$ cat structure.csv   # CSV, C-alpha atoms
chain,number,residue,atom,x,y,z
Y,978,MET,CA,-99.5,20.7,60.4
Y,979,SER,CA,-102.0,22.9,62.2
Y,980,SER,CA,-103.2,22.4,65.8
Y,981,LEU,CA,-106.6,21.3,64.5
Y,982,GLU,CA,-105.0,18.7,62.3
Y,983,THR,CA,-102.8,17.5,65.1
Y,984,ASN,CA,-105.8,17.2,67.5
Y,985,ALA,CA,-107.7,15.2,64.8
Y,986,TRP,CA,-105.2,12.5,64.3
Y,987,VAL,CA,-104.2,12.3,67.9
Y,988,ASP,CA,-107.8,11.8,69.0
Y,989,GLU,CA,-108.2,9.2,66.3
Y,990,ALA,CA,-105.0,7.4,67.4
Y,991,TRP,CA,-106.0,7.5,71.0
Y,992,GLU,CA,-109.4,5.9,70.2
Y,993,GLN,CA,-107.7,3.2,68.2
Y,994,THR,CA,-105.2,2.6,71.0
Y,995,VAL,CA,-108.0,2.3,73.6
Y,996,LYS,CA,-109.9,-0.1,71.4
Y,997,LYS,CA,-107.0,-2.3,70.7
Y,998,VAL,CA,-105.6,-2.5,74.3
Y,999,ASN,CA,-109.1,-3.2,75.7
Y,1000,ARG,CA,-109.1,-6.2,73.4
Y,1001,THR,CA,-105.6,-7.5,74.0
Y,1002,SER,CA,-105.8,-6.9,77.7
Y,1003,ARG,CA,-108.3,-9.7,77.9
Y,1004,ARG,CA,-105.6,-12.2,76.8
Y,1005,ILE,CA,-102.5,-10.6,78.3
Y,1006,GLY,CA,-104.0,-9.8,81.6
Y,1007,ALA,CA,-101.6,-9.3,84.5
Y,1008,SER,CA,-98.6,-10.6,82.6
Y,1009,PHE,CA,-95.5,-9.1,81.2
Y,1010,PRO,CA,-95.4,-8.8,77.4
Y,1011,HIS,CA,-92.1,-8.0,75.7
Y,1012,ALA,CA,-92.1,-8.6,72.0
Y,1013,SER,CA,-94.9,-9.6,69.6
Y,1014,VAL,CA,-94.0,-12.7,67.6
Y,1015,ASN,CA,-96.3,-13.8,64.8
Y,1016,GLY,CA,-99.0,-11.4,66.1
Y,1017,SER,CA,-99.0,-12.4,69.8
Y,1018,TYR,CA,-97.0,-10.8,72.6
Y,1019,VAL,CA,-94.5,-13.3,74.1
Y,1020,LEU,CA,-94.9,-13.1,77.9
Y,1021,GLU,CA,-91.7,-12.8,80.0
Y,1022,PRO,CA,-91.2,-13.5,83.8
Y,1023,ALA,CA,-91.9,-10.7,86.2
Y,1024,TYR,CA,-88.2,-10.1,86.7
Y,1025,TRP,CA,-87.6,-9.2,83.0
Y,1026,TRP,CA,-86.5,-5.5,82.5
Y,1027,THR,CA,-89.6,-4.6,80.5
Y,1028,ALA,CA,-92.0,-5.7,83.2
Y,1029,GLY,CA,-93.1,-2.1,83.9
Y,1030,PHE,CA,-94.1,-1.1,80.4
Y,1031,TRP,CA,-97.4,-3.0,80.1
Y,1032,PRO,CA,-98.8,-1.8,83.4
Y,1033,GLY,CA,-97.4,1.7,82.7
Y,1034,LEU,CA,-99.3,1.7,79.4
Y,1035,LEU,CA,-102.5,0.7,81.2
Y,1036,TRP,CA,-102.0,3.5,83.7
Y,1037,LEU,CA,-101.8,6.0,80.9
Y,1038,LEU,CA,-105.1,4.8,79.5
Y,1039,TYR,CA,-106.7,4.6,82.9
Y,1040,ARG,CA,-105.8,8.2,83.6
Y,1041,GLU,CA,-108.0,9.2,80.6
Y,1042,THR,CA,-110.7,6.6,80.6
Y,1043,GLY,CA,-111.2,5.5,84.3
Y,1044,ASP,CA,-111.4,1.9,83.1
Y,1045,GLU,CA,-111.4,-0.1,86.3
Y,1046,GLN,CA,-110.5,-3.3,84.5
Y,1047,LEU,CA,-107.2,-1.8,83.2
Y,1048,LYS,CA,-106.5,-0.4,86.7
Y,1049,ALA,CA,-107.0,-3.9,88.3
Y,1050,ILE,CA,-104.6,-5.5,85.8
Y,1051,ALA,CA,-101.9,-2.8,86.4
Y,1052,GLU,CA,-102.2,-3.3,90.2
Y,1053,GLN,CA,-101.9,-7.0,89.9
Y,1054,CYS,CA,-98.7,-6.6,87.8
Y,1055,GLU,CA,-97.3,-4.3,90.5
Y,1056,GLN,CA,-98.1,-6.9,93.2
Y,1057,GLN,CA,-96.2,-9.6,91.3
Y,1058,LEU,CA,-93.1,-7.5,91.4
Y,1059,ASP,CA,-93.0,-8.0,95.2
Y,1060,GLN,CA,-91.9,-11.6,94.7
Y,1061,VAL,CA,-89.1,-10.4,92.4
Y,1062,VAL,CA,-87.6,-8.4,95.2
Y,1063,ALA,CA,-87.9,-11.3,97.6
Y,1064,ASP,CA,-86.6,-14.2,95.4
Y,1065,TYR,CA,-84.6,-12.9,92.5
Y,1066,TYR,CA,-80.8,-12.4,92.6
Y,1067,LYS,CA,-80.3,-10.5,89.4
Y,1068,LEU,CA,-82.2,-7.3,89.8
Y,1069,ASP,CA,-80.2,-4.7,88.0
Y,1070,HIS,CA,-80.3,-1.0,86.9
Y,1071,ASP,CA,-83.7,-1.5,85.3
Y,1072,ILE,CA,-85.3,-1.3,88.7
Y,1073,GLY,CA,-86.2,2.2,87.7
Y,1074,PHE,CA,-88.0,1.1,84.5
Y,1075,MET,CA,-89.9,-1.6,86.5
Y,1076,TRP,CA,-91.1,0.4,89.5
Y,1077,THR,CA,-91.4,3.9,88.0
Y,1078,LEU,CA,-94.1,2.7,85.6
Y,1079,THR,CA,-95.9,0.6,88.2
Y,1080,SER,CA,-95.5,2.0,91.8
Y,1081,VAL,CA,-94.6,5.6,91.1
Y,1082,ALA,CA,-97.3,5.8,88.5
Y,1083,ARG,CA,-99.9,4.5,90.9
Y,1084,TYR,CA,-98.8,6.7,93.7
Y,1085,LYS,CA,-98.9,9.8,91.4
Y,1086,LEU,CA,-102.4,8.8,90.2
Y,1087,LEU,CA,-104.0,7.5,93.3
Y,1088,GLY,CA,-101.8,8.5,96.3
Y,1089,ALA,CA,-101.5,4.8,97.3
Y,1090,GLU,CA,-99.1,4.5,100.3
Y,1091,ASP,CA,-98.2,0.9,99.5
Y,1092,ALA,CA,-97.1,2.0,96.0
Y,1093,LYS,CA,-95.0,4.7,97.6
Y,1094,ARG,CA,-93.3,2.2,99.9
Y,1095,ARG,CA,-92.6,-0.1,97.0
Y,1096,ALA,CA,-91.1,2.7,94.9
Y,1097,LEU,CA,-88.9,3.9,97.8
Y,1098,LEU,CA,-87.6,0.4,98.3
Y,1099,ALA,CA,-86.8,0.2,94.6
Y,1100,ALA,CA,-85.0,3.5,94.8
Y,1101,ASN,CA,-82.9,2.1,97.7
Y,1102,LEU,CA,-82.0,-1.0,95.7
Y,1103,LEU,CA,-81.0,1.1,92.7
Y,1104,ALA,CA,-78.9,3.4,94.8
Y,1105,ALA,CA,-77.1,0.4,96.2
Y,1106,ARG,CA,-75.7,-0.3,92.7
Y,1107,PHE,CA,-73.7,2.9,92.7
Y,1108,ASN,CA,-69.9,2.5,92.2
Y,1109,VAL,CA,-68.3,5.3,94.2
Y,1110,LYS,CA,-64.9,5.0,92.5
Y,1111,GLY,CA,-66.3,5.4,89.0
Y,1112,ASN,CA,-69.4,7.5,89.8
Y,1113,PHE,CA,-71.8,5.2,87.9
Y,1114,ILE,CA,-74.7,2.9,88.5
Y,1115,ARG,CA,-73.6,-0.7,87.6
Y,1116,ALA,CA,-75.8,-2.1,84.8
Y,1117,TRP,CA,-76.0,-5.9,85.1
Y,1118,ASN,CA,-75.2,-8.7,87.5
Y,1119,PRO,CA,-73.4,-11.8,86.1
Y,1120,TRP,CA,-75.7,-13.7,83.8
Y,1121,ARG,CA,-73.4,-16.7,83.7
Y,1122,GLU,CA,-71.0,-18.2,86.2
Y,1123,GLY,CA,-67.6,-16.6,86.0
Y,1124,GLU,CA,-68.8,-13.5,84.2
Y,1125,ASP,CA,-67.5,-10.2,85.5
Y,1126,ASN,CA,-69.5,-7.1,84.4
Y,1127,SER,CA,-69.0,-5.2,87.7
Y,1128,GLY,CA,-67.6,-2.2,85.8
Y,1129,ILE,CA,-70.3,-2.0,83.1
Y,1130,ALA,CA,-72.6,1.0,82.7
Y,1131,ILE,CA,-75.0,1.6,79.9
Y,1132,ILE,CA,-76.8,4.6,78.4
Y,1133,ASP,CA,-80.2,3.1,79.1
Y,1134,CYS,CA,-79.7,3.8,82.8
Y,1135,LEU,CA,-80.4,7.5,82.3
Y,1136,MET,CA,-84.1,6.5,82.2
Y,1137,ASN,CA,-83.8,4.8,85.6
Y,1138,LEU,CA,-82.6,8.0,87.3
Y,1139,PRO,CA,-86.0,9.6,87.8
Y,1140,ILE,CA,-86.9,7.2,90.5
Y,1141,LEU,CA,-83.9,8.4,92.5
Y,1142,TYR,CA,-84.8,12.1,92.0
Y,1143,TRP,CA,-88.4,11.3,93.0
Y,1144,ALA,CA,-87.2,9.5,96.1
Y,1145,SER,CA,-85.3,12.5,97.3
Y,1146,GLU,CA,-88.4,14.7,96.7
Y,1147,GLN,CA,-90.5,12.3,98.7
Y,1148,THR,CA,-88.1,11.7,101.6
Y,1149,GLY,CA,-86.3,15.0,101.8
Y,1150,ASP,CA,-83.1,13.0,101.8
Y,1151,PRO,CA,-80.7,14.4,99.0
Y,1152,ARG,CA,-78.6,11.2,98.8
Y,1153,PHE,CA,-80.7,9.7,96.0
Y,1154,LYS,CA,-80.5,12.8,94.0
Y,1155,HIS,CA,-76.7,13.1,94.6
Y,1156,LEU,CA,-76.2,9.6,93.1
Y,1157,ALA,CA,-78.4,10.4,90.1
Y,1158,ILE,CA,-76.4,13.5,89.4
Y,1159,GLU,CA,-73.1,11.8,89.7
Y,1160,HIS,CA,-74.3,9.1,87.2
Y,1161,ALA,CA,-75.6,11.7,84.8
Y,1162,ASP,CA,-72.3,13.6,85.0
Y,1163,THR,CA,-70.5,10.4,84.1
Y,1164,VAL,CA,-72.8,10.0,81.1
Y,1165,LEU,CA,-71.9,13.5,80.0
Y,1166,LYS,CA,-68.2,12.8,80.3
Y,1167,HIS,CA,-68.0,9.3,78.8
Y,1168,PHE,CA,-71.2,8.4,76.8
Y,1169,ILE,CA,-72.3,11.4,74.7
Y,1170,ARG,CA,-69.9,12.2,71.8
Y,1171,PRO,CA,-69.4,15.8,70.6
Y,1172,ASP,CA,-71.6,15.2,67.5
Y,1173,GLY,CA,-74.5,14.1,69.7
Y,1174,SER,CA,-74.2,10.3,69.0
Y,1175,VAL,CA,-73.8,8.0,72.0
Y,1176,TYR,CA,-72.1,4.9,73.2
Y,1177,HIS,CA,-74.3,2.1,74.4
Y,1178,ILE,CA,-71.9,0.4,76.8
Y,1179,VAL,CA,-68.8,1.8,78.6
Y,1180,ARG,CA,-66.7,-0.5,80.7
Y,1181,PHE,CA,-64.9,0.9,83.7
Y,1182,ASP,CA,-62.3,-0.6,86.1
Y,1183,ALA,CA,-64.6,-1.5,88.9
Y,1184,GLN,CA,-61.8,-1.1,91.5
Y,1185,THR,CA,-60.3,2.2,90.3
Y,1186,GLY,CA,-63.2,3.7,88.4
Y,1187,GLU,CA,-61.1,4.4,85.3
Y,1188,ARG,CA,-62.7,4.2,81.9
Y,1189,VAL,CA,-61.4,1.1,80.0
Y,1190,GLU,CA,-63.3,0.9,76.7
Y,1191,ALA,CA,-66.6,1.2,74.9
Y,1192,TRP,CA,-68.6,-1.7,73.5
Y,1193,GLY,CA,-71.1,-1.8,70.7
Y,1194,GLY,CA,-73.8,-3.5,72.7
Y,1195,GLN,CA,-77.1,-3.5,70.9
Y,1196,GLY,CA,-75.6,-1.1,68.3
Y,1197,PHE,CA,-73.7,-2.3,65.3
Y,1198,ALA,CA,-70.2,-1.4,66.6
Y,1199,PRO,CA,-68.5,0.5,69.4
Y,1200,GLU,CA,-68.3,3.7,67.2
Y,1201,SER,CA,-71.6,3.3,65.5
Y,1202,ALA,CA,-74.8,5.2,66.6
Y,1203,TRP,CA,-77.5,2.9,68.1
Y,1204,SER,CA,-80.7,4.9,67.7
Y,1205,ARG,CA,-82.4,3.7,70.8
Y,1206,GLY,CA,-79.4,4.6,72.8
Y,1207,ALA,CA,-79.7,8.1,71.4
Y,1208,SER,CA,-83.4,8.2,72.4
Y,1209,TRP,CA,-82.5,7.1,76.0
Y,1210,ALA,CA,-80.1,10.0,76.1
Y,1211,ILE,CA,-82.5,12.6,74.7
Y,1212,TYR,CA,-85.3,11.7,77.2
Y,1213,GLY,CA,-83.0,10.8,80.1
Y,1214,MET,CA,-81.0,14.0,79.9
Y,1215,ALA,CA,-84.2,16.1,79.6
Y,1216,LEU,CA,-85.6,14.4,82.7
Y,1217,SER,CA,-82.4,15.1,84.6
Y,1218,TYR,CA,-82.7,18.7,83.6
Y,1219,GLN,CA,-86.3,18.7,84.8
Y,1220,TYR,CA,-85.3,17.5,88.3
Y,1221,THR,CA,-82.0,19.5,88.7
Y,1222,GLY,CA,-82.2,22.6,86.5
Y,1223,ASP,CA,-78.6,21.9,85.5
Y,1224,GLU,CA,-78.3,23.6,82.1
Y,1225,ARG,CA,-75.6,21.1,81.0
Y,1226,TYR,CA,-78.2,18.3,80.9
Y,1227,LEU,CA,-80.6,20.4,78.7
Y,1228,GLN,CA,-77.8,21.2,76.3
Y,1229,ALA,CA,-76.8,17.6,76.1
Y,1230,ALA,CA,-80.4,16.5,75.4
Y,1231,LYS,CA,-80.6,19.1,72.7
Y,1232,ARG,CA,-77.3,18.0,71.1
Y,1233,VAL,CA,-78.4,14.4,70.9
Y,1234,ALA,CA,-81.8,15.5,69.6
Y,1235,HIS,CA,-80.2,17.5,66.8
Y,1236,PHE,CA,-78.1,14.5,65.8
Y,1237,PHE,CA,-81.1,12.2,66.0
Y,1238,ILE,CA,-83.3,14.5,63.8
Y,1239,SER,CA,-80.5,15.0,61.3
Y,1240,GLN,CA,-80.2,11.2,60.8
Y,1241,LEU,CA,-83.9,10.4,60.2
Y,1242,PRO,CA,-85.1,9.1,56.9
Y,1243,GLU,CA,-88.0,10.8,55.1
Y,1244,ASP,CA,-90.7,9.2,57.1
Y,1245,HIS,CA,-89.2,10.4,60.4
Y,1246,VAL,CA,-88.8,6.9,61.9
Y,1247,PRO,CA,-85.2,5.9,62.7
Y,1248,HIS,CA,-83.2,2.9,61.5
Y,1249,TRP,CA,-81.9,0.7,64.4
Y,1250,ASP,CA,-78.4,2.2,64.0
Y,1251,PHE,CA,-77.6,5.5,62.2
Y,1252,ARG,CA,-74.1,4.3,61.1
Y,1253,LEU,CA,-74.4,1.0,59.2
Y,1254,PRO,CA,-72.3,-0.5,56.4
Y,1255,GLU,CA,-74.2,-0.8,53.1
Y,1256,GLU,CA,-74.4,-4.6,53.4
Y,1257,ILE,CA,-76.3,-4.5,56.8
Y,1258,THR,CA,-80.1,-4.3,56.6
Y,1259,LYS,CA,-81.4,-1.0,57.8
Y,1260,TYR,CA,-84.4,-2.2,59.8
Y,1261,ARG,CA,-86.4,0.5,61.5
Y,1262,ASP,CA,-86.6,0.8,65.3
Y,1263,THR,CA,-90.0,2.3,66.0
Y,1264,SER,CA,-89.3,2.1,69.7
Y,1265,ALA,CA,-86.4,4.4,69.4
Y,1266,GLY,CA,-88.6,6.9,67.5
Y,1267,ALA,CA,-91.4,6.8,70.1
Y,1268,CYS,CA,-89.0,7.3,73.0
Y,1269,ALA,CA,-87.1,10.1,71.3
Y,1270,ALA,CA,-90.4,11.8,70.4
Y,1271,CYS,CA,-91.3,11.9,74.1
Y,1272,GLY,CA,-88.0,13.4,74.9
Y,1273,MET,CA,-88.3,16.0,72.3
Y,1274,LEU,CA,-91.8,17.0,73.6
Y,1275,LEU,CA,-90.2,17.4,77.0
Y,1276,ILE,CA,-87.4,19.6,75.6
Y,1277,ALA,CA,-90.1,21.7,73.9
Y,1278,ASP,CA,-91.5,22.4,77.3
Y,1279,GLN,CA,-88.1,23.4,78.7
Y,1280,VAL,CA,-86.6,25.7,76.2
Y,1281,ASP,CA,-87.3,29.3,75.2
Y,1282,PRO,CA,-90.6,29.7,73.2
Y,1283,LEU,CA,-88.6,30.7,70.1
Y,1284,GLU,CA,-86.9,27.3,70.2
Y,1285,SER,CA,-89.8,25.2,71.4
Y,1286,ALA,CA,-91.7,24.8,68.1
Y,1287,SER,CA,-88.9,23.0,66.4
Y,1288,TYR,CA,-88.7,20.3,69.0
Y,1289,ARG,CA,-92.4,19.9,69.3
Y,1290,LYS,CA,-92.7,19.7,65.5
Y,1291,ALA,CA,-90.1,17.0,65.4
Y,1292,GLY,CA,-91.7,14.9,68.1
Y,1293,GLU,CA,-95.1,15.3,66.5
Y,1294,ALA,CA,-93.8,14.2,63.1
Y,1295,ILE,CA,-92.3,11.0,64.5
Y,1296,LEU,CA,-95.5,10.1,66.4
Y,1297,HIS,CA,-97.7,10.9,63.4
Y,1298,SER,CA,-95.6,8.7,61.2
Y,1299,LEU,CA,-95.7,5.9,63.7
Y,1300,TYR,CA,-99.5,6.1,63.7
Y,1301,THR,CA,-100.0,6.4,60.0
Y,1302,ASN,CA,-97.2,4.3,58.6
Y,1303,TYR,CA,-96.4,1.8,61.3
Y,1304,GLY,CA,-99.6,1.2,63.2
Y,1305,ALA,CA,-101.4,-2.2,63.4
Y,1306,TRP,CA,-104.8,-0.7,63.9
Y,1307,ASP,CA,-106.6,-2.7,61.2
Y,1308,ASP,CA,-105.0,-6.0,62.0
Y,1309,ASP,CA,-106.9,-7.9,64.7
Y,1310,GLN,CA,-104.3,-10.7,64.5
Y,1311,GLU,CA,-101.6,-8.4,65.8
Y,1312,GLU,CA,-101.4,-7.5,69.5
Y,1313,GLY,CA,-98.7,-4.9,69.1
Y,1314,LEU,CA,-99.7,-1.3,68.5
Y,1315,VAL,CA,-96.7,-0.2,66.5
Y,1316,LEU,CA,-94.8,-2.5,64.1
Y,1317,HIS,CA,-91.2,-2.7,63.1
Y,1318,GLY,CA,-89.3,-2.4,66.3
Y,1319,THR,CA,-85.7,-3.8,66.6
Y,1320,SER,CA,-84.7,-5.0,70.1
Y,1321,HIS,CA,-81.2,-6.6,69.6
Y,1322,TYR,CA,-80.0,-6.9,66.1
Y,1323,PRO,CA,-76.4,-8.2,66.9
Y,1324,GLU,CA,-77.9,-11.1,68.8
Y,1325,GLY,CA,-80.7,-11.6,66.3
Y,1326,LYS,CA,-83.4,-11.1,69.0
Y,1327,ASN,CA,-86.8,-9.6,68.2
Y,1328,VAL,CA,-85.9,-7.9,65.0
Y,1329,ASP,CA,-88.6,-6.1,63.0
Y,1330,VAL,CA,-91.4,-6.8,65.5
Y,1331,PRO,CA,-93.6,-4.7,67.9
Y,1332,LEU,CA,-92.0,-4.1,71.3
Y,1333,ILE,CA,-93.9,-3.3,74.4
Y,1334,TYR,CA,-91.7,-0.3,75.2
Y,1335,GLY,CA,-92.3,1.1,71.8
Y,1336,ASP,CA,-96.0,0.8,72.4
Y,1337,TYR,CA,-95.6,2.4,75.8
Y,1338,PHE,CA,-93.7,5.5,74.6
Y,1339,PHE,CA,-96.1,5.8,71.6
Y,1340,VAL,CA,-99.0,6.0,74.0
Y,1341,GLU,CA,-97.1,8.4,76.3
Y,1342,GLY,CA,-96.4,10.6,73.4
Y,1343,LEU,CA,-100.1,10.7,72.4
Y,1344,SER,CA,-100.9,11.5,76.0
Y,1345,ARG,CA,-98.5,14.5,75.9
Y,1346,LEU,CA,-100.1,15.7,72.6
Y,1347,LYS,CA,-103.5,15.5,74.3
Y,1348,GLY,CA,-102.3,18.0,76.9
Y,1349,ARG,CA,-101.3,15.8,79.8
Y,1350,THR,CA,-98.3,17.4,81.5
Y,1351,GLU,CA,-97.5,15.1,84.4
Y,1352,ARG,CA,-95.2,12.2,83.6
Y,1353,PHE,CA,-94.7,9.0,85.5
Y,1354,TRP,CA,-90.9,9.5,85.3

$ encode --input "structure.csv" --output "structure tokens"
Amino acid sequence: MSSLETNAWVDEAWEQTVKKVNRTSRRIGASFPHASVNGSYVLEPAYWWTAGFWPGLLWLLYRETGDEQLKAIAEQCEQQLDQVVADYYKLDHDIGFMWTLTSVARYKLLGAEDAKRRALLAANLLAARFNVKGNFIRAWNPWREGEDNSGIAIIDCLMNLPILYWASEQTGDPRFKHLAIEHADTVLKHFIRPDGSVYHIVRFDAQTGERVEAWGGQGFAPESAWSRGASWAIYGMALSYQYTGDERYLQAAKRVAHFFISQLPEDHVPHWDFRLPEEITKYRDTSAGACAACGMLLIADQVDPLESASYRKAGEAILHSLYTNYGAWDDDQEEGLVLHGTSHYPEGKNVDVPLIYGDYFFVEGLSRLKGRTERFW
């Protein structure tokens, strides 16, 4: 695909996105969509882990359009998160997802001091989850009485580390970065397999820090290959390399990217798990494709020019397929941008539906292809 052809479809996709989000924003407003069911995004409480993706998407569009209405909605979403900090006991590792795409984004775009303060508070809360024996950031708090997940870490947390790196840059205090590096090193050691596939969940002994076992989580089985987990690893490791310059992180991002690309079907959009028995339905997960594409575009910026083209081509191919084969552009009854995401197949939750994080990463990928170099991460 030539650069002219790329520009043509990207510009078209961007126009379709702006048109659709302008329409849906009038209904969604300053709320927190998660998954689209029967054409409408189900709205979750402000404490839900995906709370940052809708305002983050709005900030991506505002950066290009200057639309004050989208800006106002994104700011109102950010303000609602203040109450989450004050009143909610179960804030977890997804603090990074929530405040990177709200407060860090607004600070980077507008220089707002209140946004900076919020983001630094979030970074402190995330840093407080670090287990010094196991060198990992604990994932969840107990969801039910008597539950003990104090030794749980998950691959998703790699995408929460940027708020720690950012906090060290802003404050001049290296402690945040130190913790992020220790967690990233734990991922290198315990999550990424030699072939580039990844574990979703690893359980450690919370007292000693010793690795106990791996769980399948949102993948099919402990030794399967959950595709969104791979996408978190691709992008998360590339981001850790961006902040540290540690070559090990870049090599890990490349290894997972090579595995991911090798497992893609002909249309370049992944199934929800790359290692499934024949009897299990191979639903797509467009959100995994969109996130992985963003990671591949970052890798393309980081490697030697002789290597760069292959990663960029792979990222573009995924995004182009999402636009042409999975977009809901002509369906006014569907609020999601990209169809056929899979959130949690093992629990039967939000299977084969649009997901707000899939929509976010798709728009971020388009923004990258339009030439935007600064990321909110």

$ residues_near_point --input "structure.csv" --point "(-70.7, -0.6, 77.2)" --cutoff "7 Å" --atoms "all atoms listed in the file" --output "ChimeraX atom specification"
/Y:1129-1131,1176-1180,1191-1194

$ atom_distance --input "structure.csv" --atom1 "CA of Phe1339 in chain Y" --atom2 "CA of Asn999 in chain Y"
16.3 Å

$ closest_atom_pairs --input "structure.csv" --of "range 1190-1286 of chain Y" --to "range 1329-1336 of chain Y" --cutoff "10 Å" --atoms "only C-alpha atoms" --output "Markdown table"
| residue | atom | partner | partner_atom | distance |
| --- | --- | --- | --- | --- |
| Y:Trp1249 | CA | Y:Asp1329 | CA | 9.6 |
| Y:Tyr1260 | CA | Y:Asp1329 | CA | 6.6 |
| Y:Arg1261 | CA | Y:Asp1329 | CA | 7.1 |
| Y:Asp1262 | CA | Y:Asp1329 | CA | 7.5 |
| Y:Thr1263 | CA | Y:Gly1335 | CA | 6.4 |
| Y:Ser1264 | CA | Y:Gly1335 | CA | 3.8 |
| Y:Ala1265 | CA | Y:Gly1335 | CA | 7.2 |
| Y:Gly1266 | CA | Y:Gly1335 | CA | 8.1 |
| Y:Ala1267 | CA | Y:Gly1335 | CA | 6.0 |
| Y:Cys1268 | CA | Y:Gly1335 | CA | 7.1 |

$ closest_atom_pairs --input "structure.csv" --of "range 1150-1172 of chain Y" --to "range 1140-1143 of chain Y" --cutoff "12 Å" --atoms "all atoms listed in the file" --output "tab-separated table"
residue	atom	partner	partner_atom	distance
Y:Asp1150	CA	Y:Tyr1142	CA	10.0
Y:Pro1151	CA	Y:Tyr1142	CA	8.4
Y:Arg1152	CA	Y:Leu1141	CA	8.7
Y:Phe1153	CA	Y:Leu1141	CA	4.9
Y:Lys1154	CA	Y:Tyr1142	CA	4.8
Y:His1155	CA	Y:Tyr1142	CA	8.6
Y:Leu1156	CA	Y:Leu1141	CA	7.8
Y:Ala1157	CA	Y:Leu1141	CA	6.3
Y:Ile1158	CA	Y:Tyr1142	CA	8.9
Y:Glu1159	CA	Y:Leu1141	CA	11.7
Y:His1160	CA	Y:Leu1141	CA	11.0
Y:Ala1161	CA	Y:Tyr1142	CA	11.7

$ residues_around --input "structure.csv" --residues "Trp1117 in chain Y" --least-positions-apart "4" --cutoff "8 Å" --atoms "all atoms listed in the file" --output "list in words"
Lys1067, Leu1068, Asp1069, His1070, Asn1126, Ser1127 and Ile1129 of chain Y

$ closest_residue --input "structure.csv" --among "Y:Gln1060, Y:Leu1316, Y:Phe1030, Y:Ala1089" --to "Pro1010 in chain Y" --atoms "all atoms listed in the file"
Y:Phe1030

$ atom_distance --input "structure.csv" --atom1 "CA of Arg1004 in chain Y" --atom2 "CA of Thr1077 in chain Y"
24.2 Å

$ atom_distance --input "structure.csv" --atom1 "CA of Tyr1300 in chain Y" --atom2 "CA of Arg1252 in chain Y"
25.6 Å

$ closest_residue --input "structure.csv" --among "Y:Lys997, Y:His1248, Y:Lys1093, Y:Arg1205" --to "Ile1132 in chain Y" --atoms "only C-alpha atoms"
Y:Arg1205

$ closest_residue --input "structure.csv" --among "Y:Pro1282, Y:Pro1242, Y:Gly1292, Y:Pro1139" --to "Gln1219 in chain Y" --atoms "all atoms listed in the file"
Y:Pro1139

$ closest_residue --input "structure.csv" --among "Y:Asn984, Y:Val1315, Y:Val1061, Y:Leu1087" --to "Tyr1039 in chain Y" --atoms "all atoms listed in the file"
Y:Leu1087

$ residues_around --input "structure.csv" --residues "His1321 in chain Y" --least-positions-apart "3" --cutoff "10 Å" --atoms "all atoms listed in the file" --output "ChimeraX atom specification"
/Y:1194-1197,1249,1318,1324-1329

$ closest_residue --input "structure.csv" --among "Y:Tyr1018, Y:Tyr1212, Y:Phe1009, Y:Phe1353" --to "Cys1134 in chain Y" --atoms "only C-alpha atoms"
Y:Tyr1212

$ closest_residue --input "structure.csv" --among "Y:Glu1255, Y:Ala1234, Y:Thr1027, Y:Gly1206" --to "Ser1287 in chain Y" --atoms "all atoms listed in the file"
Y:Ala1234

$ residues_near_point --input "structure.csv" --point "(-108.0, -1.7, 87.5)" --cutoff "12 Å" --atoms "all atoms listed in the file" --output "list in words"
Asn999, Ser1002, Gly1006, Ala1007, Pro1032, Leu1035, Trp1036, Leu1037, Leu1038, Tyr1039, Arg1040, Thr1042, Gly1043, Asp1044, Glu1045, Gln1046, Leu1047, Lys1048, Ala1049, Ile1050, Ala1051, Glu1052, Gln1053, Cys1054, Glu1055, Arg1083 and Leu1087 of chain Y

$ write_last_selection --input "structure.csv" --atoms "C-alpha atoms" --output "tab-separated table (two decimals), in the coordinates of the input"
chain	number	residue	atom	x	y	z
Y	999	ASN	CA	-109.10	-3.20	75.70
Y	1002	SER	CA	-105.80	-6.90	77.70
Y	1006	GLY	CA	-104.00	-9.80	81.60
Y	1007	ALA	CA	-101.60	-9.30	84.50
Y	1032	PRO	CA	-98.80	-1.80	83.40
Y	1035	LEU	CA	-102.50	0.70	81.20
Y	1036	TRP	CA	-102.00	3.50	83.70
Y	1037	LEU	CA	-101.80	6.00	80.90
Y	1038	LEU	CA	-105.10	4.80	79.50
Y	1039	TYR	CA	-106.70	4.60	82.90
Y	1040	ARG	CA	-105.80	8.20	83.60
Y	1042	THR	CA	-110.70	6.60	80.60
Y	1043	GLY	CA	-111.20	5.50	84.30
Y	1044	ASP	CA	-111.40	1.90	83.10
Y	1045	GLU	CA	-111.40	-0.10	86.30
Y	1046	GLN	CA	-110.50	-3.30	84.50
Y	1047	LEU	CA	-107.20	-1.80	83.20
Y	1048	LYS	CA	-106.50	-0.40	86.70
Y	1049	ALA	CA	-107.00	-3.90	88.30
Y	1050	ILE	CA	-104.60	-5.50	85.80
Y	1051	ALA	CA	-101.90	-2.80	86.40
Y	1052	GLU	CA	-102.20	-3.30	90.20
Y	1053	GLN	CA	-101.90	-7.00	89.90
Y	1054	CYS	CA	-98.70	-6.60	87.80
Y	1055	GLU	CA	-97.30	-4.30	90.50
Y	1083	ARG	CA	-99.90	4.50	90.90
Y	1087	LEU	CA	-104.00	7.50	93.30
